[in-house]
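Chemist: Here's a structure for you.
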Amino acid sequence: MDLFDIDEAEKISRKKIADSAVARIAELEKLIQKYQSSYYNGEAEISDADFDALWDELKRLDPSNPILHKVGADSGNFEKAPHVMPMGSQEKAANSEEFLAWAEKHNYSEYLVEYKLDGASLELQYAQGVLLRAVTRGDGSVGDVITDNAVKMKGVVKNISPSFTGGIRGEVIMTHSVHRQYFSDKANCRNAANGLMKRKDGDGSEFLELIAYDVWATEGEQPFKDEEEKLKFLKDNGFNSVPLKICNSAQEVIDYRSSVMEERKNLEYDIDGLVIKERTVNHEDASRARPDRQIAFKFSLEEAVSILRDVEWNESGATYTPVAVFDPVELNGTTVKRASLVNTNTINSLNIKIGSHVVVVKRGEIIPKIESVLPAAGGENLSEIKVPSVCECCKSPLVDEGTRLFCPNKSCSKKILHRLLKWVSVADIRDLGETLITDLFNSKKIKCISDLYKLTVEDLTPFFLDEESIRKEKKSLGAKKVFESIQSRKKLSLSKFIAGLDIEGIGEVVVDSLIAGGFNTLDKILAAGEEEIAAVYRFAEITAHTLVSGLKEVDDEIEALVGGGIISVISNEGGKFSGKSFCFTGELNSMKRSDAQNLVKENGGAVKSSVVKGLSYLVTNDVSSGSSKNKKAAELGIPVINEEQFLALVNG
C-alpha cells in the first residue's frame with residue numbers, strides 16, 4: 001500500500017476496529033456468563049461495580065446482545081421449579097444524571113423509593129396461606145427449590161393469610177454482626193449468604209434472614225391496591241420488609257439517596273442503592289426481562305457523604321479559587337479529603353457552610369467536587385465560609401464577579417510572574433525552569449513576556465556561573481542552551497499564543513473551539529465582540545466576557561509581541577489540516593506527543609484530548625489495541641492511523 005493512500009489506510013483501520021469490537025464483545029459475553037455463574041452458584045469473583053462495568057460496556061458495544069436479557073443460572077444440585085413472579089433484572093442508574101434522564105421519561109406525580117438489598121433473591125410460593133416451596137432466582141424463570149433451607153431462616157413465614165395463593169419475593173441477607181462473629185473468612189455478607197442458602201445439608205441457613213419486598217396473588221383479587229399497600233400486606237403477615245419513602249419529585253429522590261448514603265454505614269445489612277417505582281402496580285411491566293417503569297438507583301464507588309471542615313483559597317496568578325476540606329472518604333479506591341468549590345457562585349448556589357454534610361463525587365479521572373449539600377438537621381453547628389477581600393500580594397481590593405474572585409491590579413507582581421510561567425509552559429520553552437524564571441523576575445531582568453525574547457547569553461550567564469568564573473571569562477553552556485530554547489519558540493500557533501497570555505479559563509482547547517467557530521486569525525479574535533464570541537460552542541456569555549476583557553488587559557503585551565515582530569502567530573486559515581482534528585494516544589517513536597500536536601496546529605488543524613464525534617483521526621502506534629479510545633473510535637467510525645501514516649499526512 002502506498003504510504004500516502006489515506007483512503008486505503010482508513011479502510012484497513014476501520015476493518016481492524018470492527019474486528020477488535022467483535023473480539024471484545026465475545027470476550028465480554030464469556031466474562032459476564034462466567035461471573036453470573038459464580039454469583040448464582042456460591043462465591044462471587046468480582047464486585048458488583050466491576051460486573052456493572054462489564055455489563056455497561058457490552059450494552060454500549062452491542063445493545064441487542066441476548067446476554068443482556070438473561071439472568072444467571074443455578075447449579076443442578078436441587079429440584080427445579082418455575083417462578084410465580086417474574087425475577088428479571090432491573091434497569092439501573094449509576095449517578096444523578098442517569099436517574100434524571102430516566103425520570104424525564106417517567107414523570108410520576110410521586111416516586112415510591114425502597115432500599116435495594118444486596119443479597120440473594122428468593123421466592124416463597126404459597127397455596128391457601130401455606131408455604132409450599134422456596135425457589136431461588138435461577139435463570140429468571142426457573143430456580144432451585146431450597147424449601148428445607150429456607151424454613152430455617154429468620155423472616156420466612158410458613159403460614160400467612162389463608163386466602164392467599166401466590167408468591168412473595170424477598171432478599172436473603174446476612175447481617176453484619178453475624179458475618180463478623182461466624183463468617184469473617186468470607187469476603188462479604190452477600191457471598192456468605194449465597195453459599196449457605198444452597199448447601200445440600202442446610203447447615204448454616206439459620207444464620208440467614210429474609211427481607212420481603214414484593215407479592216403477587218395467582219388466585220382471586222390482589223390483596224393490595226398499590227405498591228404502598230404491598231408492603232403493608234407483607235408486614236401484616238409477619239414479614240420483615242424494606243423501609244418506604246414517598247418522594248414528590250426526582251430531585252427529592254436524589255436528596256433522599258444522599259441521606260441514605262450517609263446512613264447505610266449504620267444499617268445491619270448491606271444495600272447497594274434504591275429501587276424507584278410508581279405507585280400503580282404494573283404487573284405487565286414487571287413481567288418483562290428488564291422492567292422499564294422502575295429503576296435501581298445504585299450507589300457508586302465514586303461518591304460519598306462527608307462533613308465540610310474548612311475552605312482554603314488557592315491563589316493562582318490573580319485568581320482565588322475555593323477548595324473544600326472535609327473528613328476523608330474513600331472514592332474509587334483512593335482517600336479524598338479536598339475538592340474544588342470552583343467559585344463564590346458555586347458556594348452560594350449550594351448554600352454550603354462549614355459543618356455542612358456534603359456529597360463528594362469523583363467521576364472517572366475528574367478531580368473530586370462537591371455535588372450537593374444535604375438539608376441541615378437540627379443541632380448542627382454551621383458557620384459561614386469566609387471569602388478573602390484583599391490581594392495577599394499587592395493588597396488591592398479583590399473583585400468578586402461570582403464566576404471569579406480576582407485581583408484587578410495589572411501591576412500585581414504575583415499576576416505578572418504567573419503569566420510568565422504560563423507563557424513558558426504553553427510555548428514549551430523546555431530549558432527555562434520555574435526557579436530561573438522567578439530569579440530573572442525578582443532581579444528585574446524580565447518584567448513581561450516580551451522581555452524574555454530580549455535576553456542575551458550575557459544576561460543569562462550570571463544565573464549559571466559565579467562571579468569568579470565570569471571574571472575568568474568562562475562560557476556558560478547552560479545560558480547558551482536557555483537562550484537558544486527561548487529563540488526557538490518565536491513561531492506559535494494561534495491557540496498557543498492566546499492560551500499563553502494567561503487569561504483565566506482560556507486554554508488551548510477553548511481557543512481551538514473559537515477557531516473552529518470561524519475566528520481563525522488573531523485579528524478576527526481581537527476584533528470580535530462578546531456577543532459574537534458567546535455564540536461559539538463552548539463559550540456563552542461568561543467565557544466570552546472573560547476572553548474579551550482578558551485580551552484588553554494584555555493588549556500592550558500583544559502589541560509588543562506581535563506588533564514588535566517578536567512572535568509570529570500561525571494562522572489556522574487555509575492550512576492543509578484546516579477543518580480536520582486529531583487525537584493522539586500512547587507513545588510516539590520519533591517525537592514527543594506535544595511536538596506532534598504542534599505539527600497539527602501549525603498546519604491549521606485542531607487537537608482533541610478525547611475521541612469525540614466528528615474527530616478526523618485517532619493517532620496511535622497500536623491500532624489493534626483494546627484501549628478505551630480505540631473502542632470509542634470503532635463505535636464512531638473514526639479512522640485510526642499510526643505514526644508513520646500521520647507523518648505522511650504532514651509531509652504530503
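How things are named: the first chain in the C-alpha cells is A, the next is B, and so on; residues count from 1 in each chain; ligands count from 1 in the order shown.
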Write out as a ChimeraX atom specification the residues lying within 10 Å of Thr344 (chain A), counting only C-alpha atoms and excluding same-chain residues fewer than 6 positions away.

Modeler: /A:320-322,350,385,387,400-405

Chemist: Quick one: everything within 6 Å of region 85-96 of chain A, counting only C-alpha atoms, minus sequence neighbours fewer than 5 positions away in the same chain. Send it as an mmCIF file with all heavy atoms, in the first residue's frame.

Modeler:
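And here is the file that came out, result_35.cif:
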data_model
loop_
_atom_site.group_PDB
_atom_site.id
_atom_site.type_symbol
_atom_site.label_atom_id
_atom_site.label_comp_id
_atom_site.auth_asym_id
_atom_site.auth_seq_id
_atom_site.Cartn_x
_atom_site.Cartn_y
_atom_site.Cartn_z
ATOM 1 N N GLY A 140 -34.203 -16.677 36.021
ATOM 2 C CA GLY A 140 -35.238 -15.659 35.910
ATOM 3 C C GLY A 140 -36.622 -16.245 35.728
ATOM 4 O O GLY A 140 -37.628 -15.583 35.996
ATOM 5 N N SER A 287 -43.238 -8.036 34.454
ATOM 6 C CA SER A 287 -43.057 -9.362 33.864
ATOM 7 C C SER A 287 -42.002 -9.370 32.764
ATOM 8 O O SER A 287 -41.596 -10.433 32.296
ATOM 9 C CB SER A 287 -44.386 -9.867 33.280
ATOM 10 O OG SER A 287 -45.362 -9.971 34.292
ATOM 11 N N ALA A 289 -38.288 -8.957 30.946
ATOM 12 C CA ALA A 289 -36.944 -9.375 31.373
ATOM 13 C C ALA A 289 -36.209 -8.236 32.061
ATOM 14 O O ALA A 289 -35.424 -8.439 32.981
ATOM 15 C CB ALA A 289 -36.144 -9.865 30.163
ATOM 16 N N ARG A 290 -36.482 -7.008 31.616
ATOM 17 C CA ARG A 290 -35.868 -5.835 32.226
ATOM 18 C C ARG A 290 -36.936 -4.739 32.301
ATOM 19 O O ARG A 290 -37.102 -3.955 31.362
ATOM 20 C CB ARG A 290 -34.661 -5.375 31.406
ATOM 21 C CG ARG A 290 -33.581 -4.703 32.247
ATOM 22 C CD ARG A 290 -32.267 -4.644 31.462
ATOM 23 N NE ARG A 290 -31.215 -3.994 32.212
ATOM 24 C CZ ARG A 290 -30.450 -4.607 33.109
ATOM 25 N NH1 ARG A 290 -30.647 -5.882 33.361
ATOM 26 N NH2 ARG A 290 -29.497 -3.945 33.736
ATOM 27 N N PRO A 291 -37.694 -4.661 33.401
ATOM 28 C CA PRO A 291 -38.788 -3.695 33.523
ATOM 29 C C PRO A 291 -38.338 -2.272 33.232
ATOM 30 O O PRO A 291 -37.214 -1.874 33.561
ATOM 31 C CB PRO A 291 -39.227 -3.848 34.984
ATOM 32 C CG PRO A 291 -38.811 -5.224 35.355
ATOM 33 C CD PRO A 291 -37.540 -5.473 34.615
ATOM 34 N N ILE A 295 -36.641 1.498 38.410
ATOM 35 C CA ILE A 295 -35.202 1.566 38.166
ATOM 36 C C ILE A 295 -34.439 1.402 39.473
ATOM 37 O O ILE A 295 -34.926 1.786 40.543
ATOM 38 C CB ILE A 295 -34.831 2.914 37.494
ATOM 39 C CG1 ILE A 295 -33.398 2.877 36.951
ATOM 40 C CG2 ILE A 295 -35.012 4.084 38.457
ATOM 41 C CD1 ILE A 295 -33.056 4.054 36.041
ATOM 42 N N ALA A 296 -33.267 0.793 39.370
ATOM 43 C CA ALA A 296 -32.365 0.693 40.518
ATOM 44 C C ALA A 296 -31.404 1.873 40.457
ATOM 45 O O ALA A 296 -30.614 1.987 39.522
ATOM 46 C CB ALA A 296 -31.594 -0.624 40.467
ATOM 47 N N PHE A 297 -31.509 2.757 41.425
ATOM 48 C CA PHE A 297 -30.639 3.933 41.516
ATOM 49 C C PHE A 297 -29.495 3.550 42.449
ATOM 50 O O PHE A 297 -29.597 3.661 43.668
ATOM 51 C CB PHE A 297 -31.452 5.104 42.074
ATOM 52 C CG PHE A 297 -30.801 6.454 41.941
ATOM 53 C CD1 PHE A 297 -31.490 7.593 42.337
ATOM 54 C CD2 PHE A 297 -29.526 6.603 41.422
ATOM 55 C CE1 PHE A 297 -30.917 8.843 42.236
ATOM 56 C CE2 PHE A 297 -28.941 7.849 41.300
ATOM 57 C CZ PHE A 297 -29.644 8.979 41.715
ATOM 58 N N LYS A 298 -28.405 3.077 41.861
ATOM 59 C CA LYS A 298 -27.346 2.449 42.648
ATOM 60 C C LYS A 298 -26.411 3.466 43.286
ATOM 61 O O LYS A 298 -26.270 4.592 42.807
ATOM 62 C CB LYS A 298 -26.546 1.475 41.777
ATOM 63 C CG LYS A 298 -27.398 0.359 41.159
ATOM 64 C CD LYS A 298 -26.553 -0.765 40.636
ATOM 65 C CE LYS A 298 -26.019 -1.617 41.747
ATOM 66 N NZ LYS A 298 -25.316 -2.833 41.275
#

Chemist: Give me, as number ranges by chain, all polymer residues having an atom no more than 12 Å from Asn409 (chain A), counting only C-alpha atoms and skipping those fewer than 4 positions away in the same chain.

Modeler: A: 317-319, 390-391, 393-399, 413-416, 553

Chemist: Go ahead and write the selection's residues with C-alpha atoms as a PDB file, in the first residue's frame.

Modeler:
ATOM      1  CA  GLY A 317      -1.962  34.283  39.474  1.00  0.00           C
ATOM      2  CA  ALA A 318      -4.678  36.845  40.071  1.00  0.00           C
ATOM      3  CA  THR A 319      -7.419  34.321  40.796  1.00  0.00           C
ATOM      4  CA  VAL A 390      -7.793  41.790  49.743  1.00  0.00           C
ATOM      5  CA  CYS A 391      -4.968  40.535  47.481  1.00  0.00           C
ATOM      6  CA  CYS A 393       0.436  40.257  47.338  1.00  0.00           C
ATOM      7  CA  CYS A 394      -0.390  43.877  46.459  1.00  0.00           C
ATOM      8  CA  LYS A 395      -3.198  44.487  48.999  1.00  0.00           C
ATOM      9  CA  SER A 396      -5.614  45.658  46.288  1.00  0.00           C
ATOM     10  CA  PRO A 397      -9.343  45.011  46.971  1.00  0.00           C
ATOM     11  CA  LEU A 398     -10.397  41.803  45.250  1.00  0.00           C
ATOM     12  CA  VAL A 399     -13.181  41.811  42.665  1.00  0.00           C
ATOM     13  CA  SER A 413       3.774  41.183  40.730  1.00  0.00           C
ATOM     14  CA  LYS A 414       2.174  37.818  41.502  1.00  0.00           C
ATOM     15  CA  LYS A 415      -0.056  38.152  38.434  1.00  0.00           C
ATOM     16  CA  ILE A 416       2.846  39.094  36.144  1.00  0.00           C
ATOM     17  CA  GLU A 553      -5.932  43.767  29.824  1.00  0.00           C
TER      18      GLU A 553
END

Chemist: Skipping near chain neighbours, those fewer than 2 positions away, what residues fall within 7 Å of region 206-215 of chain A using only C-alpha atoms, listed as a PyMOL selection string?

Modeler: chain A and resi 152-156+167-174+178+193+204+217+230-231+239-242

Chemist: Apply DSSP to the backbone of this structure and, from region 228-453 of chain A, keep only the residues in alpha helix (DSSP H); write these as a ChimeraX atom specification.

Modeler: /A:228-236,250-263,283-286,344-350,413-427,434-442,449-452

Chemist: Restricting the calculation to only C-alpha atoms, which member of A:Ala606, A:Val323, A:Ile566, A:Val548 is positioned closest to Arg309 (chain A)?

Modeler: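 Result for the nearest residue to Arg309 (chain A): A:Val323.
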
Chemist: Measuring atom to atom with only C-alpha atoms, identify which of A:Ile533, A:Leu417, A:Ala427, A:Leu440 is nearest to Gly500 (chain A).

Modeler: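 Between A:Ile533, A:Leu417, A:Ala427, A:Leu440, the residue approaching Gly500 (chain A) most closely is A:Ala427.
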
Chemist: CA of Asp327 (chain A) and CA of Pro243 (chain A) are how many Å apart?

Modeler: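 Atom-to-atom, CA of Asp327 (chain A) to CA of Pro243 (chain A), that is 28.5 Å.
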
Chemist: Just list as a PyMOL selection string whatever in region 121-315 of chain A DSSP marks as strand (DSSP E).

Modeler: chain A and resi 121-127+130-136+142-144+166-173+209-217+244-247+271-277+295-298+303-315

Chemist: Of the candidates A:Asn642, A:Gly129, A:Glu559, A:Glu635, which one gets nearest to Cys583 (chain A) if we count only C-alpha atoms?

Modeler: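 Ranking A:Asn642, A:Gly129, A:Glu559, A:Glu635 by distance to Cys583 (chain A), first place goes to A:Asn642.
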
Chemist: When distances are computed from only C-alpha atoms, which of A:Lys444, A:Lys608, A:Lys80, A:Lys158 shows the smallest separation from Val145 (chain A)?

Modeler: A:Lys80

Chemist: With only C-alpha atoms as the counted atoms, please give the residues lying no more than 10 Å from Glu508 (chain A), apart from itself and same-chain residues fewer than 2 positions off, as a PyMOL selection string.

Modeler: chain A and resi 426+493-500+505-506+510-514+606-608

Chemist: Generate the output file for the selected residues, N, CA, C and O atoms, as a tab-separated table (two decimals), in the first residue's frame.

Modeler:
chain	number	residue	atom	x	y	z
A	426	VAL	N	3.17	26.98	28.09
A	426	VAL	CA	2.38	26.78	26.88
A	426	VAL	C	3.26	26.81	25.63
A	426	VAL	O	3.10	26.00	24.72
A	493	SER	N	1.37	28.61	17.27
A	493	SER	CA	0.01	28.50	16.73
A	493	SER	C	-0.88	29.53	17.41
A	493	SER	O	-0.57	30.04	18.50
A	494	LEU	N	-1.98	29.83	16.79
A	494	LEU	CA	-2.91	30.82	17.34
A	494	LEU	C	-3.43	30.39	18.71
A	494	LEU	O	-3.52	31.20	19.64
A	495	SER	N	-3.74	29.10	18.86
A	495	SER	CA	-4.28	28.62	20.14
A	495	SER	C	-3.24	28.71	21.25
A	495	SER	O	-3.55	29.07	22.39
A	496	LYS	N	-1.98	28.41	20.93
A	496	LYS	CA	-0.92	28.52	21.94
A	496	LYS	C	-0.68	29.99	22.32
A	496	LYS	O	-0.44	30.30	23.49
A	497	PHE	N	-0.71	30.86	21.34
A	497	PHE	CA	-0.47	32.27	21.62
A	497	PHE	C	-1.51	32.82	22.60
A	497	PHE	O	-1.17	33.45	23.61
A	498	ILE	N	-2.79	32.58	22.31
A	498	ILE	CA	-3.86	33.09	23.19
A	498	ILE	C	-3.79	32.43	24.56
A	498	ILE	O	-3.89	33.09	25.60
A	499	ALA	N	-3.60	31.09	24.58
A	499	ALA	CA	-3.55	30.36	25.86
A	499	ALA	C	-2.37	30.83	26.71
A	499	ALA	O	-2.46	30.86	27.95
A	500	GLY	N	-1.25	31.20	26.08
A	500	GLY	CA	-0.08	31.62	26.82
A	500	GLY	C	-0.22	32.97	27.50
A	500	GLY	O	0.60	33.32	28.36
A	505	GLY	N	-9.19	30.55	32.56
A	505	GLY	CA	-10.10	29.60	31.93
A	505	GLY	C	-9.97	29.50	30.42
A	505	GLY	O	-10.71	28.75	29.78
A	506	ILE	N	-9.03	30.24	29.82
A	506	ILE	CA	-8.88	30.21	28.36
A	506	ILE	C	-7.62	29.42	28.01
A	506	ILE	O	-6.51	29.96	27.96
A	510	VAL	N	-10.12	25.53	24.51
A	510	VAL	CA	-11.16	26.56	24.35
A	510	VAL	C	-10.88	27.39	23.10
A	510	VAL	O	-11.79	27.70	22.32
A	511	VAL	N	-9.63	27.79	22.89
A	511	VAL	CA	-9.28	28.59	21.71
A	511	VAL	C	-9.51	27.78	20.43
A	511	VAL	O	-9.95	28.33	19.41
A	512	ASP	N	-9.23	26.48	20.49
A	512	ASP	CA	-9.49	25.63	19.32
A	512	ASP	C	-10.97	25.67	18.94
A	512	ASP	O	-11.32	25.65	17.75
A	513	SER	N	-11.85	25.72	19.94
A	513	SER	CA	-13.28	25.82	19.66
A	513	SER	C	-13.60	27.15	18.99
A	513	SER	O	-14.44	27.23	18.10
A	514	LEU	N	-12.93	28.21	19.43
A	514	LEU	CA	-13.12	29.53	18.84
A	514	LEU	C	-12.66	29.52	17.38
A	514	LEU	O	-13.34	30.07	16.49
A	606	ALA	N	-6.89	20.97	14.37
A	606	ALA	CA	-7.24	21.06	15.79
A	606	ALA	C	-6.85	19.76	16.49
A	606	ALA	O	-6.87	18.69	15.88
A	607	VAL	N	-6.48	19.87	17.76
A	607	VAL	CA	-6.12	18.72	18.57
A	607	VAL	C	-7.19	18.48	19.62
A	607	VAL	O	-7.60	19.43	20.31
A	608	LYS	N	-7.67	17.25	19.73
A	608	LYS	CA	-8.66	16.88	20.74
A	608	LYS	C	-8.01	16.00	21.80
A	608	LYS	O	-7.13	15.19	21.49

Chemist: Of the candidates A:Lys245, A:His418, A:Arg60, A:Lys34, which shows the shortest atom-to-atom distance to Asp502 (chain A), using only C-alpha atoms?

Modeler: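 Looking only at the distances to Asp502 (chain A), the closest residue turns out to be A:His418.
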
Chemist: Considering only C-alpha atoms, return as an mmCIF file with C-alpha atoms, in the first residue's frame whatever protein or nucleic-acid residues lie within 9 Å of Ile570 (chain A), sequence-local ones (same chain, fewer than 6 positions apart) excluded.

Modeler:
data_model
loop_
_atom_site.group_PDB
_atom_site.id
_atom_site.type_symbol
_atom_site.label_atom_id
_atom_site.label_comp_id
_atom_site.auth_asym_id
_atom_site.auth_seq_id
_atom_site.Cartn_x
_atom_site.Cartn_y
_atom_site.Cartn_z
ATOM 1 C CA LYS A 491 6.644 30.849 15.989
ATOM 2 C CA LEU A 492 3.420 29.797 17.741
ATOM 3 C CA SER A 493 0.007 28.502 16.730
ATOM 4 C CA LEU A 494 -2.914 30.817 17.343
ATOM 5 C CA THR A 521 -6.845 34.554 12.873
ATOM 6 C CA LEU A 522 -5.588 36.789 15.668
ATOM 7 C CA LYS A 601 -1.861 23.181 14.798
ATOM 8 C CA GLU A 602 0.877 24.624 12.595
ATOM 9 C CA ASN A 603 -0.955 23.125 9.631
ATOM 10 C CA GLY A 604 -4.308 24.621 10.598
#

Chemist: When distances are computed from only C-alpha atoms, which of A:Ser177, A:Val281, A:Cys189, A:Ile446 shows the smallest separation from Pro223 (chain A)?

Modeler: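 Between A:Ser177, A:Val281, A:Cys189, A:Ile446, the residue approaching Pro223 (chain A) most closely is A:Val281.
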